[in-house]
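First comes the structure, then the notes that go with it.
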Amino acid sequence: DVSFQLHALETMAVIGAQKAGQEQLLQCLMGIQQGEIQGHVELFSENKIGYVSGAYPCAEELTVFENLSLALKLMGVHSWSLLGEEVEEGVRTVDLWSEVKLQLHEKMQKLNEYQKIRLNLARTLLLKPSVLLLEHPCEGLDPLQNIHYESLIEKIKSKTSIIWVTHDLEQAARVSESILFLKDGKMVEFDSCEKVFTMPAQAETESFITRRSHG
């Protein structure tokens, strides 16, 4: 049971304990979650929703260029010059151009894991979504990579609304404008980042934040 309103260019973090329903919420928004769904979600528009998840990585058997251009071809872009321009723009957006510009026509398996993670993000951004869903985007990253990915979110949020799932409350507070706290698949609280972390309306929210802050 989840209801909330997302505004244009708003970044919302979804927080909660493990298996509280965060991933299922993103899947519901994408229309790929099966089962009974209750609640009301109001987005600022009916435009494209993009979903970045480790469960849907780039295809290892394809080249970097093929992975990225495939998304564009599905949108009807077939001009080689335009494909090249769009792919370069996407790669630059995730700060990868200097690292992979000479590897665009090589297989994905030649890249390191963090490069693959950023290309997965770039592939989705090429679809120019109005709302971007990020499922644990910083999970498994080392501290420097974590900081860098956070900077990518800061850059991207000027162009698209973002709903992202994270267990890092400090990072959620730094990057997000609003917070949605889930427990056992139900919404406990939804409010501005400042209110949730400084003056939560629900005792369950305060207890969760306190435990995490001192854990």
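Residue numbers start at 1 in each chain; chains themselves are named A, B, ... in the order of the structure tokens; ligands are numbered from 1 in the order shown.
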* Contacts of Cys138 (chain A) within 12 Å, only C-alpha atoms, excl. fewer than 6 positions in-chain, as JSON, numbers by chain -> {"A": [52, 53, 54, 114, 117, 118, 121, 144, 145, 146, 147, 148, 149, 150, 151, 152, 153, 164, 165, 166, 167, 168, 171, 172]}
Dump N, CA and C atoms for the selected residues as a short mmCIF file (atom, residue, chain, number, x, y, z; two decimals), in the first residue's frame?
```cif
data_model
loop_
_atom_site.label_atom_id
_atom_site.label_comp_id
_atom_site.auth_asym_id
_atom_site.auth_seq_id
_atom_site.Cartn_x
_atom_site.Cartn_y
_atom_site.Cartn_z
N VAL A 52 17.19 1.19 -14.10
CA VAL A 52 18.57 0.69 -14.07
C VAL A 52 18.68 -0.29 -12.90
N SER A 53 18.98 -1.53 -13.23
CA SER A 53 19.08 -2.58 -12.22
C SER A 53 20.18 -3.55 -12.57
N GLY A 54 20.83 -4.08 -11.55
CA GLY A 54 21.85 -5.09 -11.78
C GLY A 54 21.29 -6.36 -12.39
N TYR A 114 32.97 -1.41 -12.72
CA TYR A 114 32.41 -0.07 -12.55
C TYR A 114 32.14 0.59 -13.90
N ILE A 117 28.84 -0.85 -14.98
CA ILE A 117 27.74 -0.25 -14.23
C ILE A 117 27.37 1.11 -14.82
N ARG A 118 28.37 1.90 -15.16
CA ARG A 118 28.10 3.22 -15.73
C ARG A 118 27.53 3.13 -17.14
N LEU A 121 23.92 2.50 -16.93
CA LEU A 121 23.23 3.77 -16.68
C LEU A 121 23.13 4.59 -17.97
N LEU A 144 35.53 5.43 -3.32
CA LEU A 144 35.75 6.42 -4.37
C LEU A 144 34.70 6.29 -5.48
N GLN A 145 34.39 5.06 -5.85
CA GLN A 145 33.36 4.85 -6.86
C GLN A 145 32.00 5.32 -6.35
N ASN A 146 31.74 5.10 -5.08
CA ASN A 146 30.49 5.52 -4.46
C ASN A 146 30.32 7.04 -4.55
N ILE A 147 31.38 7.75 -4.23
CA ILE A 147 31.36 9.22 -4.30
C ILE A 147 31.16 9.67 -5.74
N HIS A 148 31.83 8.99 -6.66
CA HIS A 148 31.71 9.38 -8.07
C HIS A 148 30.30 9.13 -8.60
N TYR A 149 29.71 7.98 -8.25
CA TYR A 149 28.36 7.68 -8.73
C TYR A 149 27.38 8.69 -8.17
N GLU A 150 27.60 9.08 -6.94
CA GLU A 150 26.76 10.11 -6.34
C GLU A 150 26.84 11.41 -7.14
N SER A 151 28.04 11.74 -7.62
CA SER A 151 28.19 12.95 -8.43
C SER A 151 27.45 12.81 -9.76
N LEU A 152 27.37 11.58 -10.29
CA LEU A 152 26.61 11.35 -11.52
C LEU A 152 25.12 11.59 -11.28
N ILE A 153 24.62 11.13 -10.14
CA ILE A 153 23.22 11.38 -9.81
C ILE A 153 22.95 12.87 -9.72
N TRP A 164 15.20 6.40 -6.38
CA TRP A 164 16.29 5.44 -6.20
C TRP A 164 16.20 4.76 -4.85
N VAL A 165 16.66 3.52 -4.81
CA VAL A 165 16.65 2.71 -3.60
C VAL A 165 18.06 2.67 -3.03
N THR A 166 18.18 2.96 -1.75
CA THR A 166 19.50 2.93 -1.11
C THR A 166 19.35 2.56 0.36
N HIS A 167 20.38 1.93 0.90
CA HIS A 167 20.45 1.65 2.34
C HIS A 167 21.37 2.64 3.04
N ASP A 168 21.97 3.54 2.29
CA ASP A 168 22.88 4.55 2.85
C ASP A 168 22.08 5.82 3.15
N GLN A 171 23.81 9.19 2.37
CA GLN A 171 23.81 9.48 0.93
C GLN A 171 22.41 9.90 0.47
N ALA A 172 21.40 9.24 0.99
CA ALA A 172 20.02 9.61 0.65
C ALA A 172 19.75 11.06 1.03
#
```
Excluding Leu70 (chain A) and its own-chain neighbours fewer than 5 positions away, which residues fall within 9 Å of it when counting only C-alpha atoms? Please give them as a tab-separated table (two decimals) with C-alpha atoms, in the first residue's frame.
```
chain	number	residue	atom	x	y	z
A	65	PHE	CA	28.71	0.52	-29.15
A	75	MET	CA	13.62	4.42	-30.66
A	123	ARG	CA	22.15	2.94	-21.95
```
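Using only C-alpha atoms, the shortest contact distance between Lys183 (chain A) and any of A:Ile15, A:Ala20, A:Val2, A:Val131 is found at A:Ala20.
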* Tell me, as a ChimeraX atom specification, which residues lie within 10 Å of Ser158 (chain A), counting only C-alpha atoms; anything in the same chain fewer than 5 positions away does not count. => /A:8-11,153
* **Contacts of Leu169 (chain A) within 10 Å, only C-alpha atoms, excl. fewer than 3 positions in-chain, as JSON, numbers by chain** => {"A": [13, 14, 15, 16, 166, 172, 173, 174, 179, 197, 209, 212, 213]}
Can you write just those residues out, N, CA and C atoms, as a CSV table (one decimal), in the first residue's frame?
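Resulting contents of result_31.csv:
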```csv
chain,number,residue,atom,x,y,z
A,13,ALA,N,14.4,9.3,-2.6
A,13,ALA,CA,15.1,8.1,-2.1
A,13,ALA,C,14.1,7.2,-1.4
A,14,VAL,N,14.1,5.9,-1.7
A,14,VAL,CA,13.2,4.9,-1.0
A,14,VAL,C,14.1,4.1,-0.1
A,15,ILE,N,13.8,4.2,1.2
A,15,ILE,CA,14.6,3.6,2.3
A,15,ILE,C,13.7,2.6,3.0
A,16,GLY,N,14.4,1.7,3.8
A,16,GLY,CA,13.8,0.7,4.6
A,16,GLY,C,14.7,-0.4,4.8
A,166,THR,N,18.2,3.0,-1.8
A,166,THR,CA,19.5,2.9,-1.1
A,166,THR,C,19.3,2.6,0.4
A,172,ALA,N,21.4,9.2,1.0
A,172,ALA,CA,20.0,9.6,0.7
A,172,ALA,C,19.7,11.1,1.0
A,173,ALA,N,20.2,11.5,2.2
A,173,ALA,CA,20.0,12.8,2.7
A,173,ALA,C,20.8,13.8,1.8
A,174,ARG,N,22.0,13.5,1.3
A,174,ARG,CA,22.8,14.4,0.5
A,174,ARG,C,22.2,14.6,-0.9
A,179,ILE,N,11.9,11.7,0.8
A,179,ILE,CA,12.2,10.3,1.3
A,179,ILE,C,10.9,9.6,1.4
A,197,PHE,N,14.3,13.3,8.2
A,197,PHE,CA,15.5,13.1,9.0
A,197,PHE,C,15.6,13.9,10.2
A,209,ILE,N,15.6,5.3,11.6
A,209,ILE,CA,16.7,6.2,11.4
A,209,ILE,C,17.7,6.2,12.5
A,212,ARG,N,19.8,2.9,12.4
A,212,ARG,CA,20.7,2.9,11.3
A,212,ARG,C,21.9,3.9,11.6
A,213,SER,N,21.6,5.0,12.2
A,213,SER,CA,22.6,6.0,12.5
A,213,SER,C,23.6,5.6,13.5
```
* To do: Determine which residues of chain A DSSP labels as alpha helix (DSSP H) from the backbone of this structure, then write them out as a ChimeraX atom specification.
  => /A:22-30,64-74,80-93,97-100,113-125,143-156,169-175,193-198,203-213
* To do: Compile the contact shell of Ile49 (chain A) as number ranges by chain: residues with an atom at most 7 Å away, counting only C-alpha atoms, same-chain residues fewer than 3 positions apart removed.
  => A: 30, 129-132
How would the residues just chosen look if you wrote them out with N, CA and C atoms as a compact mmCIF listing (two decimals), in the first residue's frame?
```txt
# COMPACT_ATOMS: atom_id res chain seq x y z
N MET A 30 7.45 0.21 -13.18
CA MET A 30 7.80 -0.20 -14.55
C MET A 30 6.76 -1.11 -15.18
N PRO A 129 14.61 9.24 -20.41
CA PRO A 129 13.43 9.05 -19.55
C PRO A 129 13.08 10.32 -18.78
N SER A 130 11.81 10.52 -18.52
CA SER A 130 11.37 11.61 -17.66
C SER A 130 11.53 11.24 -16.20
N VAL A 131 11.44 9.93 -15.93
CA VAL A 131 11.64 9.41 -14.57
C VAL A 131 12.65 8.27 -14.64
N LEU A 132 13.68 8.34 -13.83
CA LEU A 132 14.73 7.34 -13.81
C LEU A 132 14.65 6.56 -12.50
```
* **Sel. of strand (DSSP E or B) residues, region 19-214 of chain A, as a ChimeraX atom specification** => /A:39-42,49-52,63,107,131-135,161-165,178-183,186-192
* To do: Calculate how many Å separate CA of Tyr56 (chain A) from CA of Lys19 (chain A), rounding to one decimal.
  => 19.1 Å
* To do: Between A:Gly140, A:Glu177, A:Glu99, A:Leu83, single out the one closest to Lys157 (chain A), counting only C-alpha atoms.
  => A:Glu177
* Asked: With only C-alpha atoms as the basis for distance, which of A:Ser69, A:Pro143, A:Val196, A:Arg211 is at the shortest distance from Leu82 (chain A)?
  -> A:Ser69
* To do: Could you check how far CA of Glu88 (chain A) sits from CA of Met12 (chain A), in Å to one decimal?
  =>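 Answer for the CA of Glu88 (chain A) to CA of Met12 (chain A) separation: 28.3 Å.
Our summary of the geometry notes that CA of His105 (chain A) is positioned 24.8 Å from CA of Tyr51 (chain A).
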* Asked: Nearest to Thr160 (chain A) among A:Leu25, A:Asp191, A:Gly50, A:Glu106, with distances taken over only C-alpha atoms: which residue is it?
  ->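 Closest to Thr160 (chain A) of all the choices is A:Gly50.
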